[in-house]
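Coordinates from input_15.cif are shown below (mmCIF, C-alpha atoms).
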data_upload
loop_
_atom_site.group_PDB
_atom_site.id
_atom_site.type_symbol
_atom_site.label_atom_id
_atom_site.label_comp_id
_atom_site.auth_asym_id
_atom_site.auth_seq_id
_atom_site.Cartn_x
_atom_site.Cartn_y
_atom_site.Cartn_z
ATOM 1 C CA MET A 217 155.311 147.088 64.975
ATOM 2 C CA PRO A 218 151.884 147.697 66.538
ATOM 3 C CA ASP A 219 149.023 145.476 65.411
ATOM 4 C CA ALA A 220 147.535 146.729 62.170
ATOM 5 C CA GLY A 221 144.088 145.685 63.423
ATOM 6 C CA SER A 222 144.201 148.201 66.251
ATOM 7 C CA THR A 223 141.700 151.073 66.099
ATOM 8 C CA THR A 224 144.556 153.540 66.564
ATOM 9 C CA ARG A 225 146.250 154.228 63.264
ATOM 10 C CA LEU A 226 147.790 157.684 63.683
ATOM 11 C CA ILE A 227 149.402 159.382 66.657
ATOM 12 C CA ARG A 228 150.117 163.100 66.466
ATOM 13 C CA PHE A 229 152.537 165.105 68.592
ATOM 14 C CA GLY A 230 153.696 168.612 67.814
ATOM 15 C CA VAL A 231 154.224 168.921 64.063
ATOM 16 C CA PHE A 232 154.784 165.167 63.741
ATOM 17 C CA GLU A 233 152.465 162.295 62.892
ATOM 18 C CA ALA A 234 153.317 158.615 63.324
ATOM 19 C CA ASP A 235 151.409 156.054 61.252
ATOM 20 C CA LEU A 236 151.503 152.879 63.313
ATOM 21 C CA VAL A 237 150.207 150.720 60.463
ATOM 22 C CA THR A 238 152.651 151.707 57.738
ATOM 23 C CA GLY A 239 155.536 152.594 60.062
ATOM 24 C CA GLU A 240 155.833 156.083 58.592
ATOM 25 C CA LEU A 241 156.764 159.307 60.347
ATOM 26 C CA ARG A 242 155.684 162.655 58.898
ATOM 27 C CA ARG A 243 156.461 166.254 59.754
ATOM 28 C CA ASN A 244 153.855 168.763 58.628
ATOM 29 C CA GLY A 245 152.620 166.111 56.211
ATOM 30 C CA THR A 246 156.055 165.418 54.723
ATOM 31 C CA LYS A 247 157.403 161.906 55.157
ATOM 32 C CA ILE A 248 160.631 161.653 57.176
ATOM 33 C CA ARG A 249 163.031 158.822 56.518
ATOM 34 C CA VAL A 250 163.420 156.743 59.682
ATOM 35 C CA GLN A 251 164.640 153.152 60.053
ATOM 36 C CA GLU A 252 162.484 150.365 61.446
ATOM 37 C CA GLN A 253 164.059 150.007 64.898
ATOM 38 C CA PRO A 254 163.965 153.738 65.748
ATOM 39 C CA PHE A 255 160.309 153.793 64.683
ATOM 40 C CA GLN A 256 159.596 150.734 66.829
ATOM 41 C CA VAL A 257 161.138 152.532 69.819
ATOM 42 C CA LEU A 258 158.900 155.508 69.079
ATOM 43 C CA ALA A 259 155.819 153.291 68.775
ATOM 44 C CA VAL A 260 156.484 151.669 72.160
ATOM 45 C CA LEU A 261 157.014 155.049 73.837
ATOM 46 C CA LEU A 262 153.817 156.416 72.255
ATOM 47 C CA GLU A 263 151.825 153.547 73.748
ATOM 48 C CA ARG A 264 152.486 155.019 77.198
ATOM 49 C CA PRO A 265 153.109 158.763 76.822
ATOM 50 C CA GLY A 266 154.438 160.402 79.959
ATOM 51 C CA GLU A 267 155.335 157.066 81.562
ATOM 52 C CA LEU A 268 158.733 155.475 82.037
ATOM 53 C CA VAL A 269 159.513 152.675 79.587
ATOM 54 C CA THR A 270 162.488 150.748 80.930
ATOM 55 C CA ARG A 271 165.388 149.555 78.834
ATOM 56 C CA ASP A 272 164.459 145.964 79.748
ATOM 57 C CA GLU A 273 160.939 146.474 78.383
ATOM 58 C CA LEU A 274 162.322 147.855 75.144
ATOM 59 C CA GLN A 275 164.716 144.935 74.863
ATOM 60 C CA LYS A 276 161.885 142.420 75.231
ATOM 61 C CA ARG A 277 159.690 144.246 72.717
ATOM 62 C CA LEU A 278 162.308 144.908 70.047
ATOM 63 C CA TRP A 279 164.702 141.978 70.340
ATOM 64 C CA PRO A 280 163.430 138.406 70.843
ATOM 65 C CA ALA A 281 165.084 136.304 73.533
ATOM 66 C CA ASP A 282 167.011 134.239 70.970
ATOM 67 C CA THR A 283 168.500 137.305 69.268
ATOM 68 C CA PHE A 284 172.243 137.735 69.737
ATOM 69 C CA VAL A 285 173.002 141.450 69.687
ATOM 70 C CA ASP A 286 174.831 144.086 71.689
ATOM 71 C CA PHE A 287 171.583 145.358 73.159
ATOM 72 C CA ASP A 288 172.909 148.500 74.868
ATOM 73 C CA HIS A 289 174.678 149.703 71.736
ATOM 74 C CA SER A 290 171.741 148.827 69.482
ATOM 75 C CA LEU A 291 169.213 150.605 71.694
ATOM 76 C CA ASN A 292 171.422 153.672 72.058
ATOM 77 C CA THR A 293 171.842 153.790 68.285
ATOM 78 C CA ALA A 294 168.087 153.453 67.710
ATOM 79 C CA VAL A 295 167.288 156.234 70.208
ATOM 80 C CA ASN A 296 169.930 158.490 68.654
ATOM 81 C CA LYS A 297 168.469 157.957 65.174
ATOM 82 C CA LEU A 298 164.978 158.615 66.507
ATOM 83 C CA ARG A 299 166.118 161.861 68.120
ATOM 84 C CA GLU A 300 167.818 162.849 64.885
ATOM 85 C CA ALA A 301 164.575 162.310 62.976
ATOM 86 C CA LEU A 302 162.642 164.380 65.539
ATOM 87 C CA ALA A 303 165.356 167.106 65.732
ATOM 88 C CA ASP A 304 165.508 166.327 69.451
ATOM 89 C CA THR A 305 168.452 166.226 71.883
ATOM 90 C CA ALA A 306 169.208 164.270 75.040
ATOM 91 C CA ALA A 307 170.224 167.391 76.952
ATOM 92 C CA ASN A 308 167.118 169.431 76.090
ATOM 93 C CA PRO A 309 164.456 166.897 75.100
ATOM 94 C CA ARG A 310 161.147 167.981 73.607
ATOM 95 C CA PHE A 311 159.959 164.443 72.903
ATOM 96 C CA VAL A 312 162.188 161.631 74.227
ATOM 97 C CA GLN A 313 163.509 162.156 77.739
ATOM 98 C CA THR A 314 166.249 159.954 79.189
ATOM 99 C CA VAL A 315 165.716 158.636 82.691
ATOM 100 C CA ALA A 316 169.293 157.967 83.761
ATOM 101 C CA ARG A 317 170.209 154.275 83.941
ATOM 102 C CA ARG A 318 166.538 153.256 83.721
ATOM 103 C CA GLY A 319 164.916 153.996 80.398
ATOM 104 C CA TYR A 320 163.032 156.614 78.412
ATOM 105 C CA ARG A 321 159.865 158.682 78.602
ATOM 106 C CA PHE A 322 157.845 160.408 75.860
ATOM 107 C CA ILE A 323 157.145 163.868 77.275
ATOM 108 C CA ALA A 324 155.253 165.727 74.518
ATOM 109 C CA PRO A 325 151.435 165.959 74.425
ATOM 110 C CA VAL A 326 149.988 163.189 72.274
ATOM 111 C CA VAL A 327 146.756 162.921 70.259
ATOM 112 C CA ARG A 328 145.575 159.519 69.043
ATOM 113 C CA VAL A 329 143.472 159.381 65.903
ATOM 114 C CA GLU A 330 140.982 156.547 66.421
ATOM 115 C CA ALA A 331 139.268 154.812 63.518
ATOM 116 C CA SER A 332 135.530 155.535 63.566
ATOM 117 C CA GLY A 333 133.991 152.671 61.596
ATOM 118 C CA GLN A 334 134.188 153.210 57.830
ATOM 119 C CA ALA A 335 133.207 156.868 58.004
ATOM 120 C CA GLY A 336 136.153 158.674 59.439
ATOM 121 C CA GLU A 337 138.401 159.288 62.397
ATOM 122 C CA ALA A 338 138.178 160.773 65.876
ATOM 123 C CA GLU A 339 141.007 162.473 67.744
ATOM 124 C CA THR A 340 141.613 161.536 71.363
ATOM 125 C CA PRO A 341 144.086 163.592 73.434
ATOM 126 C CA VAL A 342 146.243 161.375 75.630
ATOM 127 C CA GLY A 343 147.552 163.226 78.666
ATOM 128 C CA ASP A 344 149.979 166.105 78.546
ATOM 129 C CA GLY A 345 153.103 164.076 77.932
ATOM 130 C CA LEU A 346 154.044 163.949 81.631
ATOM 131 C CA PRO A 347 153.841 161.140 84.186
ATOM 132 C CA ARG A 348 150.636 161.155 86.200
ATOM 133 C CA ALA A 349 152.629 161.299 89.435
ATOM 134 C CA GLU A 350 154.358 164.450 88.225
ATOM 135 C CA ARG A 351 151.362 166.472 87.008
ATOM 136 C CA ASP A 352 150.832 169.697 88.887
ATOM 137 C CA SER A 353 147.045 169.496 89.104
ATOM 138 C CA VAL A 354 144.789 172.281 90.247
ATOM 139 C CA SER A 355 144.041 170.345 93.437
ATOM 140 C CA GLY A 356 147.738 170.334 94.243
ATOM 141 C CA THR A 357 148.052 166.564 94.522
ATOM 142 C CA ALA A 358 151.565 166.573 93.054
ATOM 143 C CA LEU A 359 154.312 168.969 92.048
ATOM 144 C CA LEU A 360 155.790 168.911 88.594
ATOM 145 C CA GLU A 361 159.494 168.232 88.737
ATOM 146 C CA ALA A 362 161.675 169.795 86.060
ATOM 147 C CA PRO A 363 163.533 167.197 83.963
ATOM 148 C CA LEU A 364 167.159 166.709 84.893
ATOM 149 C CA HIS A 365 170.119 166.975 82.563
ATOM 150 C CA PRO A 366 171.321 163.382 81.971
ATOM 151 C CA GLU A 367 174.992 164.255 82.559
ATOM 152 C CA LEU A 368 175.034 167.288 84.868
ATOM 153 C CA GLU A 369 172.078 166.108 87.019
ATOM 154 C CA ILE A 370 170.609 169.603 87.368
ATOM 155 C CA PRO A 371 167.190 170.913 86.292
ATOM 156 C CA LEU A 372 167.285 171.924 82.655
ATOM 157 C CA PRO A 373 167.161 175.720 82.189
ATOM 158 C CA ARG A 374 165.717 177.414 79.148
ATOM 159 C CA ARG A 375 167.954 176.989 76.087
ATOM 160 C CA GLY A 376 167.669 180.676 75.295
ATOM 161 C CA LEU A 377 169.214 181.504 78.677
ATOM 162 C CA THR A 378 172.156 179.111 78.362
ATOM 163 C CA ARG A 379 172.857 180.098 74.757
ATOM 164 C CA GLY A 380 172.642 183.779 75.666
ATOM 165 C CA LEU A 381 175.076 183.418 78.567
ATOM 166 C CA PHE A 382 177.502 181.477 76.385
ATOM 167 C CA ALA A 383 177.311 184.171 73.700
ATOM 168 C CA LEU A 384 177.952 186.905 76.303
ATOM 169 C CA ILE A 385 181.110 185.119 77.459
ATOM 170 C CA GLN A 386 182.386 184.937 73.883
ATOM 171 C CA ALA A 387 181.626 188.631 73.366
ATOM 172 C CA MET A 388 183.468 189.469 76.601
ATOM 173 C CA TYR A 389 186.634 187.640 75.492
ATOM 174 C CA LEU A 390 186.382 189.217 72.040
ATOM 175 C CA THR A 391 186.272 192.640 73.733
ATOM 176 C CA PHE A 392 189.338 191.723 75.828
ATOM 177 C CA TYR A 393 191.316 190.862 72.701
ATOM 178 C CA VAL A 394 190.350 193.964 70.729
ATOM 179 C CA VAL A 395 191.024 196.368 73.617
ATOM 180 C CA ALA A 396 194.385 194.746 74.389
ATOM 181 C CA LEU A 397 195.472 194.956 70.749
ATOM 182 C CA ALA A 398 194.333 198.570 70.535
ATOM 183 C CA ARG A 399 196.399 199.464 73.613
ATOM 184 C CA LEU A 400 199.551 197.386 73.128
ATOM 185 C CA GLY A 401 201.733 200.335 74.158
ATOM 186 C CA GLU A 402 199.884 200.582 77.453
ATOM 187 C CA VAL A 403 200.226 196.824 77.944
ATOM 188 C CA HIS A 404 203.993 197.115 77.465
ATOM 189 C CA ARG A 405 204.185 200.074 79.877
ATOM 190 C CA VAL A 406 202.238 198.277 82.626
ATOM 191 C CA ALA A 407 204.217 195.062 82.196
ATOM 192 C CA ASP A 408 207.468 197.059 82.311
ATOM 193 C CA SER A 409 206.441 198.549 85.662
ATOM 194 C CA PHE A 410 206.595 195.222 87.484
ATOM 195 C CA LEU A 411 208.543 192.840 85.206
ATOM 196 C CA PRO A 412 212.313 193.141 84.573
ATOM 197 C CA GLY A 413 214.379 192.805 81.420
ATOM 198 C CA ARG A 414 212.799 191.271 78.361
ATOM 199 C CA TRP A 415 209.612 190.098 80.071
ATOM 200 C CA PRO A 416 207.462 193.077 79.015
ATOM 201 C CA GLY A 417 208.252 192.218 75.375
ATOM 202 C CA VAL A 418 207.295 188.589 76.060
ATOM 203 C CA VAL A 419 203.964 189.739 77.527
ATOM 204 C CA VAL A 420 203.258 191.832 74.418
ATOM 205 C CA ALA A 421 204.138 188.898 72.146
ATOM 206 C CA VAL A 422 201.849 186.566 74.120
ATOM 207 C CA VAL A 423 199.008 189.094 73.843
ATOM 208 C CA LEU A 424 199.537 189.372 70.078
ATOM 209 C CA VAL A 425 199.638 185.618 69.461
ATOM 210 C CA THR A 426 196.784 184.604 71.773
ATOM 211 C CA ALA A 427 194.530 187.459 70.648
ATOM 212 C CA GLY A 428 195.265 186.562 67.024
ATOM 213 C CA VAL A 429 194.164 182.994 67.745
ATOM 214 C CA GLY A 430 191.315 183.943 70.056
ATOM 215 C CA ILE A 431 189.512 186.402 67.777
ATOM 216 C CA PRO A 432 188.598 183.853 65.036
ATOM 217 C CA VAL A 433 187.763 181.219 67.670
ATOM 218 C CA ARG A 434 185.351 183.577 69.469
ATOM 219 C CA CYS A 435 183.829 184.730 66.171
ATOM 220 C CA TYR A 436 183.218 181.071 65.233
ATOM 221 C CA LEU A 437 181.613 180.276 68.595
ATOM 222 C CA LEU A 438 179.463 183.413 68.465
ATOM 223 C CA SER A 439 178.200 182.587 64.977
ATOM 224 C CA ALA A 440 177.653 178.911 65.911
ATOM 225 C CA VAL A 441 175.522 179.727 68.942
ATOM 226 C CA GLY A 442 173.804 182.560 67.088
ATOM 227 C CA PHE A 443 172.701 180.235 64.283
ATOM 228 C CA ASP A 444 172.045 177.427 66.821
ATOM 229 C CA HIS A 445 174.448 174.978 65.161
ATOM 230 C CA ARG A 446 173.219 171.572 66.354
ATOM 231 C CA ARG A 447 176.720 170.084 66.537
ATOM 232 C CA LEU A 448 178.146 172.907 68.644
ATOM 233 C CA GLY A 449 178.408 170.610 71.670
ATOM 234 C CA GLU A 450 180.558 168.160 69.727
ATOM 235 C CA LYS A 451 182.658 170.932 68.158
ATOM 236 C CA PHE A 452 183.232 172.695 71.476
ATOM 237 C CA GLN A 453 184.283 169.424 73.101
ATOM 238 C CA GLY A 454 187.023 169.085 70.492
ATOM 239 C CA LEU A 455 188.122 172.701 70.915
ATOM 240 C CA PHE A 456 187.977 172.681 74.711
ATOM 241 C CA PRO A 457 191.652 171.815 75.468
ATOM 242 C CA ALA A 458 192.837 174.735 73.320
ATOM 243 C CA ILE A 459 190.158 177.069 74.711
ATOM 244 C CA LEU A 460 191.087 176.064 78.256
ATOM 245 C CA ALA A 461 194.770 176.902 77.676
ATOM 246 C CA LEU A 462 193.856 180.195 75.989
ATOM 247 C CA ASP A 463 191.461 181.238 78.751
ATOM 248 C CA GLN A 464 193.896 180.329 81.513
ATOM 249 C CA LEU A 465 196.495 182.665 79.960
ATOM 250 C CA TRP A 466 193.991 185.504 79.678
ATOM 251 C CA ALA A 467 192.863 184.938 83.266
ATOM 252 C CA ALA A 468 196.018 186.871 84.269
ATOM 253 C CA SER A 469 194.961 189.925 82.229
ATOM 254 C CA PRO A 470 193.319 191.758 85.192
ATOM 255 C CA PHE A 471 196.782 192.251 86.704
ATOM 256 C CA LEU A 472 197.551 194.562 83.764
ATOM 257 C CA VAL A 473 195.020 197.030 85.168
ATOM 258 C CA THR A 474 195.972 196.848 88.846
ATOM 259 C CA GLU A 475 196.733 200.575 88.768
ATOM 260 C CA VAL A 476 193.061 201.191 88.060
ATOM 261 C CA ILE A 477 191.218 198.514 90.046
ATOM 262 C CA GLY A 478 193.806 197.568 92.682
ATOM 263 C CA PHE A 479 195.524 194.269 93.410
ATOM 264 C CA GLY A 480 192.670 192.748 95.427
ATOM 265 C CA ALA A 481 190.069 193.302 92.729
ATOM 266 C CA ALA A 482 192.483 192.063 90.055
ATOM 267 C CA PHE A 483 193.065 188.890 92.066
ATOM 268 C CA ALA A 484 189.306 188.316 92.473
ATOM 269 C CA VAL A 485 188.628 188.810 88.763
ATOM 270 C CA CYS A 486 191.534 186.507 87.902
ATOM 271 C CA ALA A 487 190.043 183.760 90.099
ATOM 272 C CA ALA A 488 186.677 184.131 88.347
ATOM 273 C CA LEU A 489 188.285 184.003 84.896
ATOM 274 C CA LEU A 490 190.130 180.801 85.824
ATOM 275 C CA TYR A 491 186.741 179.137 86.347
ATOM 276 C CA LEU A 492 185.063 180.618 83.268
ATOM 277 C CA PRO A 493 186.104 177.994 80.661
ATOM 278 C CA PHE A 494 184.479 175.289 82.784
ATOM 279 C CA ALA A 495 181.328 177.409 82.962
ATOM 280 C CA GLU A 496 181.428 177.655 79.146
ATOM 281 C CA ARG A 497 181.612 173.876 78.889
ATOM 282 C CA SER A 498 178.643 173.439 81.258
ATOM 283 C CA LEU A 499 176.560 175.974 79.319
ATOM 284 C CA VAL A 500 177.262 174.147 76.059
ATOM 285 C CA GLN A 501 176.338 170.829 77.675
ATOM 286 C CA MET A 502 173.066 172.276 78.956
ATOM 287 C CA ALA A 503 172.178 173.840 75.605
ATOM 288 C CA TYR A 504 173.364 171.103 73.262
ATOM 289 C CA GLY A 505 174.562 168.078 75.211
ATOM 290 C CA ARG A 506 176.588 165.441 73.442
ATOM 291 C CA MET A 507 174.806 164.638 70.228
ATOM 292 C CA ALA A 508 175.676 160.996 70.699
ATOM 293 C CA GLY A 509 174.323 160.966 74.214
ATOM 294 C CA THR A 510 171.186 159.020 75.123
#

Please go through the file and, once you have read it, give me the structure as structure tokens.
Amino acid sequence: MPDAGSTTRLIRFGVFEADLVTGELRRNGTKIRVQEQPFQVLAVLLERPGELVTRDELQKRLWPADTFVDFDHSLNTAVNKLREALADTAANPRFVQTVARRGYRFIAPVVRVEASGQAGEAETPVGDGLPRAERDSVSGTALLEAPLHPELEIPLPRRGLTRGLFALIQAMYLTFYVVALARLGEVHRVADSFLPGRWPGVVVAVVLVTAGVGIPVRCYLLSAVGFDHRRLGEKFQGLFPAILALDQLWAASPFLVTEVIGFGAAFAVCAALLYLPFAERSLVQMAYGRMAGT
């Protein structure tokens, strides 16, 4: 814990306030329950806002040399608990950014409240939460690089964009299911035109079963992304094998409208639909990441 004799007692960032003397974290004045080690990680990061703090530095500060502990697991756990307290995520960080395989960086603007004798306090802004080498100054001395996603290694887009695209995909599949169910007779007629024997009936049965499963799944995903369910990444990861199988079956649906769009266009749309479940997974990773990720 930082030295209680230091002139800096409080550090403010966003709606949060960290009391370095008492080890308390508050949000809009309300105390948030946070364990000692996660707060110690926060205190170390706040000492150098915008700068990389390596995992080795954190190990030396938080765990003495004679301490026997699984350091990687303990640090990951502490960072996860800190992010949970700050309502932050590894994939779209507002406060604690992961620098892959190196350490962490506090990226939000910070204001230190300095003790001013016995009379009061004085606020001192400390940077803008970004490394000096990455600030895009007016003189153009450096370009600001967008933070990278820790798993996908691409610049992080706006969450609203990724969530919106994911919701559009769910709405598209929901439309597929409803239209197919509303026109089952047409589905049977088209399937009968190029499939022999009992196969048209099999196609109709597959449409019924998969649409019956798909409609509640898409409604759940739409509501989850609409209400910004924080564990959507974890939930989608568990559902992904079933969603992948479902989407691969429906990727063949364009061939049911070859009379309207032609075989070439149906083939092109089918190829795009085969890729779509993987695009869904990437969008969820960009918007939510793995909640256990660091």

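Proximity to Ser498 in chain A was assessed for A:Trp279, A:Tyr389, A:Phe232, A:Phe456 counting all atoms listed in the file; the smallest distance is recorded for A:Phe456.
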
Checklist entry - Can you list, as a PyMOL selection string, every protein, DNA or RNA residue that comes within 7 Å of range 309-314 of chain A when you count only C-alpha atoms, leaving out same-chain residues fewer than 3 positions away? => result chain A and resi 304-306+319-324+366+510

Using the chain letters and numbers from the file, give me the residues hit by the PyMOL selection byres ((chain A and resi 435-438) around 12), as a PDB file with C-alpha atoms, keeping the file's coordinate frame.
ATOM      1  CA  ARG A 379     172.857 180.098  74.757  1.00  0.00           C
ATOM      2  CA  GLY A 380     172.642 183.779  75.666  1.00  0.00           C
ATOM      3  CA  LEU A 381     175.076 183.418  78.567  1.00  0.00           C
ATOM      4  CA  PHE A 382     177.502 181.477  76.385  1.00  0.00           C
ATOM      5  CA  ALA A 383     177.311 184.171  73.700  1.00  0.00           C
ATOM      6  CA  LEU A 384     177.952 186.905  76.303  1.00  0.00           C
ATOM      7  CA  ILE A 385     181.110 185.119  77.459  1.00  0.00           C
ATOM      8  CA  GLN A 386     182.386 184.937  73.883  1.00  0.00           C
ATOM      9  CA  ALA A 387     181.626 188.631  73.366  1.00  0.00           C
ATOM     10  CA  MET A 388     183.468 189.469  76.601  1.00  0.00           C
ATOM     11  CA  TYR A 389     186.634 187.640  75.492  1.00  0.00           C
ATOM     12  CA  LEU A 390     186.382 189.217  72.040  1.00  0.00           C
ATOM     13  CA  THR A 391     186.272 192.640  73.733  1.00  0.00           C
ATOM     14  CA  TYR A 393     191.316 190.862  72.701  1.00  0.00           C
ATOM     15  CA  ALA A 427     194.530 187.459  70.648  1.00  0.00           C
ATOM     16  CA  GLY A 428     195.265 186.562  67.024  1.00  0.00           C
ATOM     17  CA  VAL A 429     194.164 182.994  67.745  1.00  0.00           C
ATOM     18  CA  GLY A 430     191.315 183.943  70.056  1.00  0.00           C
ATOM     19  CA  ILE A 431     189.512 186.402  67.777  1.00  0.00           C
ATOM     20  CA  PRO A 432     188.598 183.853  65.036  1.00  0.00           C
ATOM     21  CA  VAL A 433     187.763 181.219  67.670  1.00  0.00           C
ATOM     22  CA  ARG A 434     185.351 183.577  69.469  1.00  0.00           C
ATOM     23  CA  SER A 439     178.200 182.587  64.977  1.00  0.00           C
ATOM     24  CA  ALA A 440     177.653 178.911  65.911  1.00  0.00           C
ATOM     25  CA  VAL A 441     175.522 179.727  68.942  1.00  0.00           C
ATOM     26  CA  GLY A 442     173.804 182.560  67.088  1.00  0.00           C
ATOM     27  CA  PHE A 443     172.701 180.235  64.283  1.00  0.00           C
ATOM     28  CA  ASP A 444     172.045 177.427  66.821  1.00  0.00           C
ATOM     29  CA  HIS A 445     174.448 174.978  65.161  1.00  0.00           C
ATOM     30  CA  ARG A 447     176.720 170.084  66.537  1.00  0.00           C
ATOM     31  CA  LEU A 448     178.146 172.907  68.644  1.00  0.00           C
ATOM     32  CA  GLY A 449     178.408 170.610  71.670  1.00  0.00           C
ATOM     33  CA  LYS A 451     182.658 170.932  68.158  1.00  0.00           C
ATOM     34  CA  PHE A 452     183.232 172.695  71.476  1.00  0.00           C
ATOM     35  CA  LEU A 455     188.122 172.701  70.915  1.00  0.00           C
ATOM     36  CA  PHE A 456     187.977 172.681  74.711  1.00  0.00           C
ATOM     37  CA  ILE A 459     190.158 177.069  74.711  1.00  0.00           C
ATOM     38  CA  GLU A 496     181.428 177.655  79.146  1.00  0.00           C
ATOM     39  CA  VAL A 500     177.262 174.147  76.059  1.00  0.00           C
TER      40      VAL A 500
END

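In this model, the gap between CA of Val403 in chain A and CA of Trp466 in chain A comes to 13.0 Å.
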
Checklist entry - Around (171.2, 143.8, 76.2) in the file's own coordinates, what residues are found within 10 Å if you use all atoms listed in the file, given back as number ranges by chain? => result A: 271-272, 274-276, 279, 283-291

Checklist entry - Using the chain letters and numbers from the file, which residues does the PyMOL selection byres ((chain A and resi 241-256) around 8) grab, as a ChimeraX atom specification? => result /A:217,231-235,239-240,257-260,278,294-295,297-298,301

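Within 10 Å of the point (194.7, 194.3, 85.6), and counting only C-alpha atoms, the protein, DNA and RNA residues are Val403, Val406, Ala467, Ala468, Ser469, Pro470, Phe471, Leu472, Val473, Thr474, Glu475, Val476, Ile477, Gly478, Phe479, Ala481, Ala482, Phe483, Val485 and Cys486 of chain A.
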
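You can rank A:Ala488, A:Val394, A:Ala303, A:Val326 by their closest distance to Phe229 in chain A using all atoms listed in the file, and at the top of that list sits A:Val326.
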
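Relative to CA of Gln501 in chain A, CA of Gln453 in chain A is found at 9.3 Å.
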
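The two atoms in question, CA of Ile227 in chain A and CA of Glu330 in chain A, are spaced 8.9 Å apart.
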
Using only C-alpha atoms, which protein or nucleic acid residues come within 9 Å of Ala407 in chain A? Drop anything in the same chain fewer than 5 positions from it, and give the result as a JSON list (two decimals) with C-alpha atoms, in the coordinates of the input.
[["chain", "number", "residue", "atom", "x", "y", "z"],
["A", 402, "GLU", "CA", 199.88, 200.58, 77.45],
["A", 412, "PRO", "CA", 212.31, 193.14, 84.57],
["A", 415, "TRP", "CA", 209.61, 190.10, 80.07],
["A", 416, "PRO", "CA", 207.46, 193.08, 79.02],
["A", 417, "GLY", "CA", 208.25, 192.22, 75.38],
["A", 419, "VAL", "CA", 203.96, 189.74, 77.53],
["A", 420, "VAL", "CA", 203.26, 191.83, 74.42],
["A", 472, "LEU", "CA", 197.55, 194.56, 83.76]]

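With only C-alpha atoms as the atoms that count, the minimum distance from Pro457 in chain A to the choices A:Phe494, A:Val423, A:Val329, A:Pro265 is reached by A:Phe494.
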
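Distances from A:Arg228, A:Arg446, A:Arg375, A:Arg277 to Ala503 in chain A were compared using only C-alpha atoms, and the smallest one belongs to A:Arg375.
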